[in-house]
Amino acid sequence: TIAATTAFTALVTASVKARGEVEQSIGGIKTLFKDDADIVIENAKKAYKTAGVSANEYMEGVASFSASLLQSTAGDTKKAADIANMAFIDMSDNANKFGTDMASIQNAYQGFAKQNYTMLDNLKLGYGGTKKEMERLLKDAQKLTGVKYDINNLSDVYSAIHAIQEEMGIVNATKDEALTTLTGSLNMLHAAWQKFLGG
């Protein structure tokens, strides 16, 4: 009985803490994305399946680069929400495909938001960590899609990386891993548990 009470107390404590973090993240997302915050929140709810992370991790990650992303979309909150979702899933797919720590991928994407390309090589896409190499990535993406990408526009940078990853077959790596590998299934289960704790 004591063990059960202790376990229940720990669960309630973890749940209250997780719920508080989620509420704080939702507040930040609403501030940034205004009328289109619901798009980000809905994407966050599905993030345990699409990106292998909890809703809170998703919202915190999106918030970390959303100011620059909103600027690059001229304040179009819907477009920014869609690009943010694509970028976050791309980060997760990249981490799952190459076994890279998700934090180093997120750091690279946050760097791109500040026009810092030194961590481009963290993505393991065959490009070094320089502005010149990012320009080369954009040109390669343009050859694939016919779209001209502007290095000064974060939305373009994220879209170009998506095009390169799509060409390399990296897209959907997180979903595929969740369905076919033990590690991927456990990661999805962990993210789903965090979602449950957060309410």
# chains A, B, ... in the order shown; residues from 1 in each chain; ligands from 1
call {"tool": "residues_around", "arguments": {"residues": "stretch 123-136 of chain A", "least_positions_apart": "4", "cutoff": "8 Å", "atoms": "only C-alpha atoms", "output": "VMD selection string"}}
result
chain A and resid 94 to 95 98 105 108 116 to 119 140 151 164 to 165
call {"tool": "residues_around", "arguments": {"residues": "stretch 29-32 of chain A", "least_positions_apart": "6", "cutoff": "9 Å", "atoms": "only C-alpha atoms", "output": "JSON, numbers by chain"}}
result
{"A": [38, 40, 41, 59, 60, 62, 63, 66, 67, 70, 77]}
call {"tool": "write_last_selection", "arguments": {"atoms": "N, CA and C atoms", "output": "compact mmCIF listing (two decimals), in the first residue's frame"}}
result
# COMPACT_ATOMS: atom_id res chain seq x y z
N ASP A 38 -3.71 27.70 -32.82
CA ASP A 38 -4.34 26.38 -32.77
C ASP A 38 -3.69 25.39 -33.73
N VAL A 40 -0.47 25.24 -34.46
CA VAL A 40 0.74 24.76 -33.78
C VAL A 40 0.36 23.81 -32.64
N ILE A 41 -0.67 24.15 -31.90
CA ILE A 41 -1.09 23.32 -30.76
C ILE A 41 -1.58 21.96 -31.25
N MET A 59 6.42 22.32 -28.82
CA MET A 59 6.12 23.75 -28.72
C MET A 59 7.33 24.57 -28.30
N GLU A 60 8.14 24.03 -27.39
CA GLU A 60 9.36 24.73 -26.98
C GLU A 60 10.32 24.86 -28.17
N VAL A 62 9.57 24.79 -31.46
CA VAL A 62 9.01 25.72 -32.44
C VAL A 62 9.19 27.16 -31.97
N ALA A 63 8.93 27.40 -30.69
CA ALA A 63 9.06 28.76 -30.15
C ALA A 63 10.50 29.28 -30.26
N SER A 66 10.69 30.65 -33.88
CA SER A 66 9.50 31.20 -34.53
C SER A 66 9.56 32.70 -34.76
N ALA A 67 10.25 33.46 -33.94
CA ALA A 67 10.33 34.91 -34.15
C ALA A 67 10.97 35.21 -35.50
N LEU A 70 8.60 33.98 -38.32
CA LEU A 70 7.49 34.91 -38.55
C LEU A 70 7.95 36.13 -39.34
N THR A 77 1.13 34.16 -39.97
CA THR A 77 1.23 33.17 -38.89
C THR A 77 0.86 31.76 -39.35
call {"tool": "closest_residue", "arguments": {"among": "A:Asp36, A:Ala103, A:Glu57, A:Ser159", "to": "A:Gln24", "atoms": "only C-alpha atoms"}}
result
A:Glu57
call {"tool": "residues_around", "arguments": {"residues": "stretch 84-86 of chain A", "least_positions_apart": "4", "cutoff": "9 Å", "atoms": "only C-alpha atoms", "output": "PyMOL selection string"}}
result
chain A and resi 40+43-44+58+62+65-66+69+79-80+90-91+155+158-159+162
call {"tool": "select_by_dssp", "arguments": {"residues": "stretch 16-126 of chain A", "states": "helix (DSSP H, G or I)", "output": "PyMOL selection string"}}
result
chain A and resi 16-50+55-72+77-98+102-113+120-123
call {"tool": "atom_distance", "arguments": {"atom1": "atom CA of A:Tyr48", "atom2": "atom CA of A:Asn172"}}
result
13.3 Å
call {"tool": "atom_distance", "arguments": {"atom1": "atom CA of A:Gln106", "atom2": "atom CA of A:Gln142"}}
result
23.7 Å
call {"tool": "residues_around", "arguments": {"residues": "A:Ala51", "least_positions_apart": "4", "cutoff": "8 Å", "atoms": "only C-alpha atoms", "output": "list in words"}}
result
Ala47, Phe88, Ile89, Ser92, Asp93, Thr174 and Lys175 of chain A
call {"tool": "write_last_selection", "arguments": {"atoms": "N, CA, C and O atoms", "output": "PDB file, in the first residue's frame"}}
result
ATOM      1  N   ALA A  47       2.654  15.409 -32.239  1.00  0.00           N
ATOM      2  CA  ALA A  47       4.109  15.345 -32.369  1.00  0.00           C
ATOM      3  C   ALA A  47       4.705  14.030 -31.878  1.00  0.00           C
ATOM      4  O   ALA A  47       5.757  13.610 -32.343  1.00  0.00           O
ATOM      5  N   PHE A  88      10.323  21.093 -37.925  1.00  0.00           N
ATOM      6  CA  PHE A  88      10.490  20.269 -36.727  1.00  0.00           C
ATOM      7  C   PHE A  88      10.494  18.786 -37.072  1.00  0.00           C
ATOM      8  O   PHE A  88      11.298  18.011 -36.560  1.00  0.00           O
ATOM      9  N   ILE A  89       9.608  18.389 -37.976  1.00  0.00           N
ATOM     10  CA  ILE A  89       9.588  16.985 -38.407  1.00  0.00           C
ATOM     11  C   ILE A  89      10.877  16.647 -39.152  1.00  0.00           C
ATOM     12  O   ILE A  89      11.449  15.569 -38.971  1.00  0.00           O
ATOM     13  N   SER A  92      13.610  15.989 -36.652  1.00  0.00           N
ATOM     14  CA  SER A  92      13.432  14.675 -36.039  1.00  0.00           C
ATOM     15  C   SER A  92      13.805  13.556 -37.008  1.00  0.00           C
ATOM     16  O   SER A  92      14.482  12.590 -36.640  1.00  0.00           O
ATOM     17  N   ASP A  93      13.381  13.700 -38.266  1.00  0.00           N
ATOM     18  CA  ASP A  93      13.722  12.697 -39.281  1.00  0.00           C
ATOM     19  C   ASP A  93      15.232  12.604 -39.453  1.00  0.00           C
ATOM     20  O   ASP A  93      15.793  11.511 -39.570  1.00  0.00           O
ATOM     21  N   THR A 174      11.135   9.311 -38.975  1.00  0.00           N
ATOM     22  CA  THR A 174      10.629   9.161 -37.611  1.00  0.00           C
ATOM     23  C   THR A 174       9.412   8.251 -37.580  1.00  0.00           C
ATOM     24  O   THR A 174       9.334   7.331 -36.759  1.00  0.00           O
ATOM     25  N   LYS A 175       8.465   8.488 -38.490  1.00  0.00           N
ATOM     26  CA  LYS A 175       7.271   7.633 -38.566  1.00  0.00           C
ATOM     27  C   LYS A 175       7.662   6.188 -38.865  1.00  0.00           C
ATOM     28  O   LYS A 175       7.151   5.256 -38.260  1.00  0.00           O
TER      29      LYS A 175
END
call {"tool": "atom_distance", "arguments": {"atom1": "atom CA of A:Asp82", "atom2": "atom CA of A:Thr100"}}
result
24.2 Å
call {"tool": "closest_residue", "arguments": {"among": "A:Tyr109, A:Val157, A:Lys49, A:Glu167", "to": "A:Lys143", "atoms": "only C-alpha atoms"}}
result
A:Glu167
call {"tool": "closest_residue", "arguments": {"among": "A:Lys46, A:Lys78, A:Lys114, A:Lys97", "to": "A:Asn152", "atoms": "only C-alpha atoms"}}
result
A:Lys114
call {"tool": "decode", "arguments": {"residues": "stretch 47-60 of chain A", "atoms": "N, CA, C and O atoms", "output": "PDB file, in the first residue's frame"}}
result
ATOM      1  N   ALA A  47       2.654  15.409 -32.239  1.00  0.00           N
ATOM      2  CA  ALA A  47       4.109  15.345 -32.369  1.00  0.00           C
ATOM      3  C   ALA A  47       4.705  14.030 -31.878  1.00  0.00           C
ATOM      4  O   ALA A  47       5.757  13.610 -32.343  1.00  0.00           O
ATOM      5  N   TYR A  48       4.039  13.359 -30.939  1.00  0.00           N
ATOM      6  CA  TYR A  48       4.572  12.067 -30.468  1.00  0.00           C
ATOM      7  C   TYR A  48       4.598  11.044 -31.607  1.00  0.00           C
ATOM      8  O   TYR A  48       5.446  10.148 -31.621  1.00  0.00           O
ATOM      9  N   LYS A  49       3.710  11.214 -32.609  1.00  0.00           N
ATOM     10  CA  LYS A  49       3.690  10.316 -33.763  1.00  0.00           C
ATOM     11  C   LYS A  49       4.550  10.855 -34.902  1.00  0.00           C
ATOM     12  O   LYS A  49       5.274  10.104 -35.535  1.00  0.00           O
ATOM     13  N   THR A  50       4.427  12.151 -35.171  1.00  0.00           N
ATOM     14  CA  THR A  50       5.086  12.725 -36.349  1.00  0.00           C
ATOM     15  C   THR A  50       6.561  13.059 -36.125  1.00  0.00           C
ATOM     16  O   THR A  50       7.359  12.968 -37.057  1.00  0.00           O
ATOM     17  N   ALA A  51       6.894  13.457 -34.894  1.00  0.00           N
ATOM     18  CA  ALA A  51       8.267  13.893 -34.620  1.00  0.00           C
ATOM     19  C   ALA A  51       8.931  13.146 -33.471  1.00  0.00           C
ATOM     20  O   ALA A  51      10.091  13.386 -33.162  1.00  0.00           O
ATOM     21  N   GLY A  52       8.201  12.240 -32.844  1.00  0.00           N
ATOM     22  CA  GLY A  52       8.779  11.439 -31.763  1.00  0.00           C
ATOM     23  C   GLY A  52       9.102  12.225 -30.511  1.00  0.00           C
ATOM     24  O   GLY A  52       9.988  11.846 -29.746  1.00  0.00           O
ATOM     25  N   VAL A  53       8.390  13.343 -30.302  1.00  0.00           N
ATOM     26  CA  VAL A  53       8.613  14.164 -29.104  1.00  0.00           C
ATOM     27  C   VAL A  53       7.275  14.489 -28.458  1.00  0.00           C
ATOM     28  O   VAL A  53       6.223  14.374 -29.088  1.00  0.00           O
ATOM     29  N   SER A  54       7.321  14.927 -27.222  1.00  0.00           N
ATOM     30  CA  SER A  54       6.093  15.329 -26.528  1.00  0.00           C
ATOM     31  C   SER A  54       5.588  16.656 -27.081  1.00  0.00           C
ATOM     32  O   SER A  54       6.325  17.386 -27.749  1.00  0.00           O
ATOM     33  N   ALA A  55       4.341  16.955 -26.775  1.00  0.00           N
ATOM     34  CA  ALA A  55       3.740  18.216 -27.202  1.00  0.00           C
ATOM     35  C   ALA A  55       4.537  19.402 -26.667  1.00  0.00           C
ATOM     36  O   ALA A  55       4.764  20.390 -27.385  1.00  0.00           O
ATOM     37  N   ASN A  56       4.979  19.292 -25.430  1.00  0.00           N
ATOM     38  CA  ASN A  56       5.726  20.391 -24.832  1.00  0.00           C
ATOM     39  C   ASN A  56       7.083  20.585 -25.508  1.00  0.00           C
ATOM     40  O   ASN A  56       7.482  21.716 -25.797  1.00  0.00           O
ATOM     41  N   GLU A  57       7.784  19.484 -25.764  1.00  0.00           N
ATOM     42  CA  GLU A  57       9.076  19.587 -26.464  1.00  0.00           C
ATOM     43  C   GLU A  57       8.889  20.222 -27.838  1.00  0.00           C
ATOM     44  O   GLU A  57       9.701  21.037 -28.276  1.00  0.00           O
ATOM     45  N   TYR A  58       7.811  19.835 -28.511  1.00  0.00           N
ATOM     46  CA  TYR A  58       7.515  20.387 -29.833  1.00  0.00           C
ATOM     47  C   TYR A  58       7.293  21.896 -29.740  1.00  0.00           C
ATOM     48  O   TYR A  58       7.901  22.665 -30.488  1.00  0.00           O
ATOM     49  N   MET A  59       6.421  22.322 -28.822  1.00  0.00           N
ATOM     50  CA  MET A  59       6.119  23.751 -28.715  1.00  0.00           C
ATOM     51  C   MET A  59       7.334  24.565 -28.301  1.00  0.00           C
ATOM     52  O   MET A  59       7.559  25.663 -28.817  1.00  0.00           O
ATOM     53  N   GLU A  60       8.140  24.029 -27.390  1.00  0.00           N
ATOM     54  CA  GLU A  60       9.363  24.733 -26.984  1.00  0.00           C
ATOM     55  C   GLU A  60      10.320  24.863 -28.166  1.00  0.00           C
ATOM     56  O   GLU A  60      10.939  25.913 -28.365  1.00  0.00           O
TER      57      GLU A  60
END
